[in-house]
Each structure stands twice: as C-alpha cells, then as structure tokens.
$ cat structure_39.txt   # compact mmCIF, C-alpha atoms and all ligand atoms
# COMPACT_ATOMS: atom_id res chain seq x y z
CA MET Q 23 57.22 -62.74 -12.69
CA SER Q 24 59.97 -65.00 -11.36
CA GLY Q 25 59.29 -66.90 -8.16
CA HIS Q 26 62.02 -64.91 -6.42
CA GLU Q 27 60.41 -61.52 -6.89
CA PHE Q 28 58.71 -59.85 -3.95
CA GLN Q 29 54.93 -59.93 -4.34
CA THR Q 30 53.28 -56.96 -2.70
CA SER Q 31 49.95 -57.16 -0.91
CA PHE Q 32 49.46 -53.50 -1.88
CA PRO Q 33 49.42 -53.48 -5.69
CA ASP Q 34 47.70 -50.08 -5.66
CA SER Q 35 50.52 -48.47 -3.71
CA GLY Q 36 52.19 -46.63 -6.59
CA GLY Q 37 52.48 -42.88 -6.85
CA VAL Q 38 49.78 -40.24 -6.72
CA ASP Q 39 47.60 -40.51 -9.86
CA PHE Q 40 48.49 -37.29 -11.69
CA SER Q 41 46.32 -38.28 -14.68
CA ASP Q 42 43.12 -37.71 -12.66
CA ARG Q 43 42.91 -33.92 -12.24
CA ASP Q 44 39.41 -33.81 -10.66
CA SER Q 45 39.25 -31.82 -7.43
CA ASN Q 46 36.65 -30.26 -5.13
CA LEU Q 47 39.16 -28.04 -3.38
CA ASP Q 48 37.59 -24.60 -3.32
CA GLU Q 49 38.35 -21.42 -1.37
CA ALA Q 50 36.71 -22.84 1.77
CA ALA Q 51 38.94 -25.92 1.55
CA MET Q 52 42.04 -23.77 1.06
CA ALA Q 53 41.08 -21.72 4.13
CA GLU Q 54 40.73 -24.94 6.15
CA LEU Q 55 44.11 -26.20 4.91
CA ARG Q 56 45.68 -22.91 6.02
CA GLU Q 57 43.90 -23.20 9.37
CA ILE Q 58 45.43 -26.67 9.91
CA ALA Q 59 48.90 -25.32 9.05
CA SER Q 60 48.45 -22.45 11.51
CA ARG Q 61 48.06 -24.94 14.36
CA TYR Q 62 51.73 -25.93 14.14
CA PRO Q 63 54.91 -23.91 14.81
CA GLN Q 64 56.25 -25.18 11.45
CA PRO Q 65 53.62 -25.40 8.65
CA ARG Q 66 55.34 -28.50 7.22
CA SER Q 67 54.38 -30.39 10.41
CA ALA Q 68 50.76 -30.11 9.22
CA ILE Q 69 51.21 -32.16 6.04
CA MET Q 70 49.59 -35.33 7.40
CA PRO Q 71 46.35 -33.77 8.71
CA MET Q 72 46.23 -31.58 5.59
CA LEU Q 73 46.35 -34.70 3.43
CA HIS Q 74 43.45 -36.17 5.43
CA LEU Q 75 41.46 -33.02 4.65
CA VAL Q 76 42.32 -33.37 0.96
CA GLN Q 77 40.93 -36.92 1.11
CA SER Q 78 37.71 -35.71 2.74
CA TYR Q 79 37.16 -33.28 -0.17
CA ASP Q 80 38.54 -35.30 -3.08
CA GLY Q 81 38.13 -38.91 -1.93
CA ARG Q 82 41.81 -39.52 -2.54
CA ILE Q 83 45.12 -37.64 -2.70
CA SER Q 84 44.52 -35.48 -5.77
CA PRO Q 85 47.18 -33.58 -7.74
CA ALA Q 86 45.46 -30.32 -6.72
CA GLY Q 87 45.66 -31.47 -3.09
CA VAL Q 88 49.37 -32.20 -3.38
CA LYS Q 89 49.95 -28.74 -4.90
CA ALA Q 90 47.87 -26.97 -2.23
CA CYS Q 91 49.61 -28.78 0.64
CA ALA Q 92 53.04 -28.03 -0.84
CA GLU Q 93 52.29 -24.33 -1.23
CA ILE Q 94 50.85 -23.93 2.25
CA ALA Q 95 53.47 -26.09 3.99
CA GLY Q 96 56.33 -24.43 2.11
CA VAL Q 97 57.75 -27.68 0.73
CA THR Q 98 57.98 -29.24 -2.73
CA GLU Q 99 55.20 -31.28 -4.32
CA ALA Q 100 57.64 -34.21 -4.38
CA GLN Q 101 57.96 -34.01 -0.60
CA VAL Q 102 54.18 -34.02 -0.17
CA SER Q 103 53.87 -36.96 -2.59
CA GLY Q 104 56.56 -38.74 -0.58
CA VAL Q 105 54.45 -38.49 2.58
CA ALA Q 106 51.23 -39.38 0.74
CA THR Q 107 52.70 -42.53 -0.76
CA PHE Q 108 54.52 -43.70 2.38
CA TYR Q 109 51.40 -44.24 4.49
CA THR Q 110 48.68 -46.70 3.51
CA MET Q 111 45.94 -44.47 4.98
CA TYR Q 112 46.33 -42.16 2.00
CA ARG Q 113 44.48 -43.35 -1.10
CA ARG Q 114 45.82 -43.04 -4.65
CA ARG Q 115 42.42 -43.75 -6.21
CA PRO Q 116 38.85 -42.92 -5.14
CA GLY Q 117 37.22 -45.54 -2.91
CA GLY Q 118 33.74 -46.28 -1.66
CA LYS Q 119 31.46 -44.33 0.63
CA HIS Q 120 32.45 -46.85 3.28
CA HIS Q 121 35.99 -48.17 3.41
CA ILE Q 122 36.23 -51.66 4.85
CA GLY Q 123 39.50 -53.01 6.24
CA VAL Q 124 39.97 -56.60 7.34
CA CYS Q 125 43.00 -57.43 9.43
CA THR Q 126 44.83 -60.62 8.49
CA THR Q 127 47.99 -60.13 10.57
CA ALA Q 128 49.04 -62.94 12.92
CA LEU Q 129 46.54 -62.75 15.77
CA CYS Q 130 43.57 -61.91 13.59
CA ALA Q 131 44.65 -64.62 11.14
CA VAL Q 132 44.75 -67.20 13.94
CA MET Q 133 41.28 -66.09 15.03
CA GLY Q 134 39.78 -66.30 11.53
CA GLY Q 135 40.86 -63.08 9.78
CA ASP Q 136 41.54 -64.76 6.42
CA ALA Q 137 38.16 -66.51 6.44
CA LEU Q 138 36.59 -63.18 7.39
CA LEU Q 139 38.29 -61.41 4.49
CA GLU Q 140 37.17 -64.13 2.07
CA SER Q 141 33.60 -63.85 3.29
CA VAL Q 142 33.63 -60.04 2.87
CA GLU Q 143 35.11 -60.43 -0.63
CA ARG Q 144 32.31 -62.84 -1.54
CA LYS Q 145 29.65 -60.63 0.02
CA LEU Q 146 30.81 -57.46 -1.78
CA GLY Q 147 31.93 -59.19 -4.98
CA ILE Q 148 35.27 -57.38 -4.92
CA GLY Q 149 38.83 -58.11 -3.83
CA PRO Q 150 41.19 -55.99 -1.75
CA ASP Q 151 41.94 -52.56 -3.27
CA GLU Q 152 38.74 -52.66 -5.28
CA THR Q 153 35.50 -50.68 -5.07
CA THR Q 154 31.96 -51.92 -5.67
CA ALA Q 155 30.31 -50.73 -8.91
CA ASP Q 156 27.76 -48.66 -6.96
CA GLY Q 157 30.57 -46.83 -5.12
CA MET Q 158 29.25 -47.90 -1.72
CA PHE Q 159 32.20 -50.01 -0.49
CA SER Q 160 35.92 -50.31 -1.00
CA LEU Q 161 37.94 -53.08 0.59
CA GLU Q 162 41.45 -53.30 1.97
CA ARG Q 163 43.49 -56.03 3.62
CA VAL Q 164 45.01 -54.23 6.59
CA GLU Q 165 47.93 -54.94 8.86
CA CYS Q 166 47.61 -55.17 12.66
CA ASN Q 167 45.22 -52.52 13.95
CA ALA Q 168 46.51 -52.70 17.53
CA ALA Q 169 43.24 -54.31 18.56
CA CYS Q 170 44.49 -57.89 18.81
CA ASP Q 171 42.54 -58.46 22.03
CA PHE Q 172 39.39 -58.18 19.90
CA ALA Q 173 40.61 -60.36 17.00
CA PRO Q 174 39.54 -60.76 14.34
CA VAL Q 175 38.75 -57.12 13.70
CA MET Q 176 37.21 -55.36 10.75
CA MET Q 177 37.45 -51.61 10.25
CA VAL Q 178 34.67 -49.48 8.82
CA ASN Q 179 35.96 -46.00 7.99
CA TRP Q 180 38.75 -46.62 10.56
CA GLU Q 181 36.29 -47.54 13.33
CA TYR Q 182 36.69 -50.94 15.01
CA MET Q 183 34.25 -53.80 14.60
CA ASP Q 184 35.44 -56.26 17.25
CA ASN Q 185 35.36 -60.06 17.43
CA MET Q 186 34.01 -60.35 13.93
CA THR Q 187 32.48 -63.40 12.32
CA PRO Q 188 31.42 -63.67 8.67
CA ALA Q 189 27.77 -63.49 9.78
CA LYS Q 190 28.29 -60.36 11.92
CA ALA Q 191 30.28 -58.69 9.11
CA ALA Q 192 27.55 -59.51 6.56
CA GLN Q 193 24.91 -57.90 8.79
CA ILE Q 194 27.00 -54.73 9.16
CA LEU Q 195 27.50 -54.52 5.40
CA ASP Q 196 23.76 -55.09 4.77
CA ASP Q 197 22.86 -52.32 7.23
CA LEU Q 198 25.37 -49.87 5.74
CA ALA Q 199 24.15 -50.65 2.21
CA VAL Q 200 20.57 -49.60 3.04
CA GLY Q 201 21.56 -46.69 5.28
CA ASN Q 202 20.64 -48.25 8.64
CA GLU Q 203 22.44 -46.83 11.66
CA VAL Q 204 25.60 -48.80 12.48
CA LYS Q 205 27.70 -48.24 15.57
CA ALA Q 206 31.34 -49.21 15.98
CA SER Q 207 32.04 -51.69 18.81
CA ARG Q 208 33.93 -49.13 20.88
CA GLY Q 209 33.29 -45.91 19.08
CA ALA Q 210 31.06 -43.57 17.24
CA THR Q 211 28.14 -44.10 14.90
CA ILE Q 212 29.44 -44.83 11.42
CA THR Q 213 29.21 -41.86 9.05
CA SER Q 214 31.31 -42.15 5.89
CA TRP Q 215 34.95 -42.53 5.02
CA ARG Q 216 35.14 -38.91 3.87
CA ASP Q 217 33.54 -37.65 7.09
CA ALA Q 218 36.02 -39.75 9.09
CA GLU Q 219 38.87 -38.23 7.09
CA ARG Q 220 37.67 -34.76 8.06
CA VAL Q 221 37.83 -35.74 11.74
CA LEU Q 222 41.38 -37.08 11.21
CA ALA Q 223 42.26 -33.70 9.72
CA GLY Q 224 41.36 -32.13 13.05
CA PHE Q 225 37.77 -31.00 12.55
CA PRO Q 226 35.80 -32.93 15.22
CA ASP Q 227 32.25 -34.04 14.42
CA GLY Q 228 31.19 -34.16 18.08
CA ARG Q 229 31.05 -37.97 18.15
CA ALA Q 230 34.36 -38.68 19.87
CA ASP Q 231 32.67 -39.51 23.17
CA GLU Q 232 30.10 -41.90 21.71
CA GLY Q 233 30.57 -45.50 22.81
CA PRO Q 234 32.79 -46.97 25.53
CA SER Q 235 36.41 -45.85 25.55
CA ALA Q 236 37.78 -49.35 26.22
CA GLY Q 237 36.40 -52.86 25.85
CA GLU Q 238 36.22 -55.67 28.37
CA ALA Q 239 39.18 -57.56 26.89
CA SER Q 240 41.45 -54.53 27.35
CA LEU Q 241 40.25 -53.82 30.88
CA ARG Q 242 40.55 -57.41 32.17
CA GLY Q 243 44.31 -57.16 32.75
CA THR Q 244 43.98 -53.91 34.69
CA ARG Q 245 41.29 -55.46 36.90
CA LEU Q 246 43.33 -58.63 37.51
CA ALA Q 247 46.33 -56.50 38.53
CA ALA Q 248 44.18 -54.48 40.95
CA GLU Q 249 42.64 -57.62 42.49
CA ASN Q 250 46.07 -59.20 42.98
CA LYS Q 251 47.74 -55.95 44.00
CA TRP Q 252 50.23 -56.29 41.15
CA THR Q 253 52.12 -53.10 40.39
CA PRO Q 254 54.72 -52.31 37.74
CA PRO Q 255 58.34 -52.16 38.90
CA SER Q 256 59.76 -48.73 39.69
CA ALA Q 257 62.18 -47.20 37.17
CA ALA Q 258 65.13 -48.24 39.38
CA GLU Q 259 63.82 -51.83 39.71
CA ALA Q 260 63.18 -52.03 35.96
CA ALA Q 261 66.74 -50.84 35.24
CA LYS Q 262 68.06 -53.52 37.60
CA ILE Q 263 66.04 -56.26 35.84
CA VAL Q 264 67.24 -55.10 32.40
CA ALA Q 265 70.88 -55.01 33.58
CA GLU Q 266 70.52 -58.52 35.06
CA GLN Q 267 69.02 -59.85 31.80
CA ALA Q 268 71.84 -58.28 29.76
CA LYS Q 269 74.41 -59.88 32.09
CA GLN Q 270 72.77 -63.31 31.68
CA GLU Q 271 72.65 -62.98 27.89
CA GLN Q 272 76.30 -61.94 27.77
CA SER Q 273 77.46 -64.88 29.87
CA LYS Q 274 75.29 -67.23 27.75
CA ALA Q 275 76.86 -65.87 24.56
CA GLU Q 276 80.35 -66.27 26.04
CA GLY Q 277 79.50 -69.84 27.09
CA GLU Q 278 78.38 -70.66 23.52
CA LYS Q 279 81.66 -69.29 22.10
CA LYS Q 280 83.75 -71.61 24.26
S1 LIG H 1 46.59 -58.78 14.46
FE1 LIG H 1 44.70 -57.88 13.89
S2 LIG H 1 44.56 -56.23 15.27
FE2 LIG H 1 46.46 -57.06 15.75
$ encode --input "structure_39.txt" --output "structure tokens" --more "lines below"
Ligand code: FES
Amino acid sequence: MSGHEFQTSFPDSGGVDFSDRDSNLDEAAMAELREIASRYPQPRSAIMPMLHLVQSYDGRISPAGVKACAEIAGVTEAQVSGVATFYTMYRRRPGGKHHIGVCTTALCAVMGGDALLESVERKLGIGPDETTADGMFSLERVECNAACDFAPVMMVNWEYMDNMTPAKAAQILDDLAVGNEVKASRGATITSWRDAERVLAGFPDGRADEGPSAGEASLRGTRLAAENKWTPPSAAEAAKIVAEQAKQEQSKAEGEKK
C-alpha cells in the first residue's frame, strides 16, 4: 500500500458476508420483525430496529436477515445492505457474547483511551475487530460515545463504563468471563450483546430504570448554573447575539481583504 492511501480503522467494514448463510430466524422472529414494521407509518422506517433484531437472533447481519427485512419493509435487499453497512453498530461477522468498545477519540485519548485500549488488547489477547477463541469477547475501537465528561470510557454491550483505568477494565473483564454480575456505571446490569440488541430493536427487558440516569460530571454544570442563577438566553436574545457575531466576522473579513 502506498503511503498516500487512506488507512481505515475499520478493516472489517466491507459488505454483508453473503457466504455465511447460517440463520436462526424462525417464524417467531419473522412475526417480531413484522411487529416492529407495524409500529411505523411506513414499514421502511423500521429497517434500523429490524436489523438490531436480526443481530439479536443471528449475532450479525445475516443474508437471511437482509432478505427478511427487505421483504417486510418493501425495499430491495441492496437498500437494506446499504443501511447495514453504513452504521458501525451493525456487525458483518459474528462477535463475542460481550462486545467491548474502547473510545480513543480526542477527549478519551487525552485521558488515557489509547493506553486503555492497549491494556484491553493485552488482557483479551485480541486486537480491534477480533473475537476471543472461546467466543466470550469481541473488541472494537469506537469513536466518541458522547460521554466525554466520563473519559476515558469503555462500552460493554453498548453500556457505559465510566472513568476507566486498565485495572478497572481488567476487573470488569474478569468478572464477565466467570459470569459474575457486572453493572454499568450509569445503567443496567450487563446481560449480553445479543440481549442488548433485542432491547435496541424495541423489545424492553425491564432494566431501563436500573442505575442512575445521569452521573455527577453531567449534573455539575446544571447545579453550578442554579447556584449562580445563570439562565440560557431567550430565543430573541440568542438571535441578537448570533447576528452581532456574524456582523463582527463580516467586518473582520472585510478588514483582512483591504
Ligand atoms: S471522546 Fe470518548 S466519549 Fe467522547
């Protein structure tokens, strides 16, 4: 590869693997896929949750899942594949019982995300986009999880593990490996990646209210504002501020031209 070519961090992000025809989609699964579609005025709007359900049954986006979603949503298989391969939450290959994501985007990187990822790689003996031989864990380098106030964060089956250190991550992985109960920092008890996918498909497991809804780091700003009686500007004030900023930028640009 020449030094000028773009090197992807997602080498596994090709198309759906049509060579692997395995599928667990049975009549019950088809009925659930139809139920998801019935929740939307247009069945095609249901493609994303339907794909999550396919993952909960098949552990990945399977060819049978693509076909089923296309038939029920009234679109082509190519259109379903297009959605499935656009988003990184949809897997092309089977993963582990627990899917681990380590964020290495800017804020997490500054707070030790790369060191965290390296420690998890060493601990599991696999790199990103790989699965352990016993099928227990798969690993992914993830982009910002919108939890920067808890950086560095690690995801387990899409649940947040906040303010991670290599030692804390190792303990979580040890507990998961032997089946000990593990709770997310601000969420539910960890189940499995497939169970989490079923929840994302719109079939709640009754755990949504477990754990605090927001952490201290997120609430601190709200509390500071209340203590200092800070309030956001009204819509009219905000419009005035934006107009003033635009005027300043325009006169600056005109000044630079002269
Ligand atoms: S940079 Fe990691 S959560 Fe935002």
$ residues_near_ligand --input "structure_39.txt" --ligand "ligand LIG 1 (chain H)" --cutoff "12 Å" --atoms "all atoms listed in the file" --output "count of residues only"
36
$ atom_distance --input "structure_39.txt" --atom1 "CA of Thr153 (chain Q)" --atom2 "CA of Asp80 (chain Q)"
15.8 Å
$ closest_residue --input "structure_39.txt" --among "Q:Gly117, Q:Gly147, Q:Gly157, Q:Gly37" --to "Gly104 (chain Q)" --atoms "only C-alpha atoms"
Q:Gly37
$ atom_distance --input "structure_39.txt" --atom1 "CA of Gly81 (chain Q)" --atom2 "CA of Lys119 (chain Q)"
9.0 Å
$ atom_distance --input "structure_39.txt" --atom1 "CA of Ala210 (chain Q)" --atom2 "CA of Ser160 (chain Q)"
20.0 Å
$ residues_around --input "structure_39.txt" --residues "Ala230 (chain Q)" --least-positions-apart "5" --cutoff "10 Å" --atoms "only C-alpha atoms" --output "VMD selection string"
chain Q and resid 209 to 211 221 235
$ closest_residue --input "structure_39.txt" --among "Q:Arg242, Q:Leu195, Q:Ala223, Q:Thr107" --to "Ala51 (chain Q)" --atoms "all atoms listed in the file"
Q:Ala223
$ closest_residue --input "structure_39.txt" --among "Q:Pro188, Q:Pro85, Q:Gly224, Q:Gly237" --to "Arg208 (chain Q)" --atoms "all atoms listed in the file"
Q:Gly237
$ closest_residue --input "structure_39.txt" --among "Q:Thr98, Q:Glu238, Q:Gly87, Q:Glu181" --to "Arg66 (chain Q)" --atoms "all atoms listed in the file"
Q:Thr98
$ closest_residue --input "structure_39.txt" --among "Q:Gln270, Q:Ser60, Q:Ser214, Q:Ser256" --to "Gln77 (chain Q)" --atoms "only C-alpha atoms"
Q:Ser214
$ residues_around --input "structure_39.txt" --residues "Gly96 (chain Q)" --least-positions-apart "3" --cutoff "10 Å" --atoms "all atoms listed in the file" --output "number ranges by chain"
Q: 64-66, 90-93, 99
$ closest_residue --input "structure_39.txt" --among "Q:Lys205, Q:Arg216, Q:Lys251, Q:Lys279" --to "Arg229 (chain Q)" --atoms "only C-alpha atoms"
Q:Lys205
$ residues_near_point --input "structure_39.txt" --point "(40.1, -34.5, 14.3)" --cutoff "12 Å" --atoms "all atoms listed in the file" --output "PyMOL selection string"
chain Q and resi 58+70-72+74-75+78+217-230
$ residues_around --input "structure_39.txt" --residues "Ala59 (chain Q)" --least-positions-apart "2" --cutoff "8 Å" --atoms "all atoms listed in the file" --output "list in words"
Leu55, Arg56, Glu57, Arg61, Tyr62, Gln64, Pro65, Arg66, Ser67, Ala68, Ile69, Met72, Ile94 and Ala95 of chain Q
$ write_last_selection --input "structure_39.txt" --atoms "C-alpha atoms" --output "PDB file, in the coordinates of the input"
ATOM      1  CA  LEU Q  55      44.110 -26.200   4.910  1.00  0.00           C
ATOM      2  CA  ARG Q  56      45.680 -22.910   6.020  1.00  0.00           C
ATOM      3  CA  GLU Q  57      43.900 -23.200   9.370  1.00  0.00           C
ATOM      4  CA  ARG Q  61      48.060 -24.940  14.360  1.00  0.00           C
ATOM      5  CA  TYR Q  62      51.730 -25.930  14.140  1.00  0.00           C
ATOM      6  CA  GLN Q  64      56.250 -25.180  11.450  1.00  0.00           C
ATOM      7  CA  PRO Q  65      53.620 -25.400   8.650  1.00  0.00           C
ATOM      8  CA  ARG Q  66      55.340 -28.500   7.220  1.00  0.00           C
ATOM      9  CA  SER Q  67      54.380 -30.390  10.410  1.00  0.00           C
ATOM     10  CA  ALA Q  68      50.760 -30.110   9.220  1.00  0.00           C
ATOM     11  CA  ILE Q  69      51.210 -32.160   6.040  1.00  0.00           C
ATOM     12  CA  MET Q  72      46.230 -31.580   5.590  1.00  0.00           C
ATOM     13  CA  ILE Q  94      50.850 -23.930   2.250  1.00  0.00           C
ATOM     14  CA  ALA Q  95      53.470 -26.090   3.990  1.00  0.00           C
TER      15      ALA Q  95
END
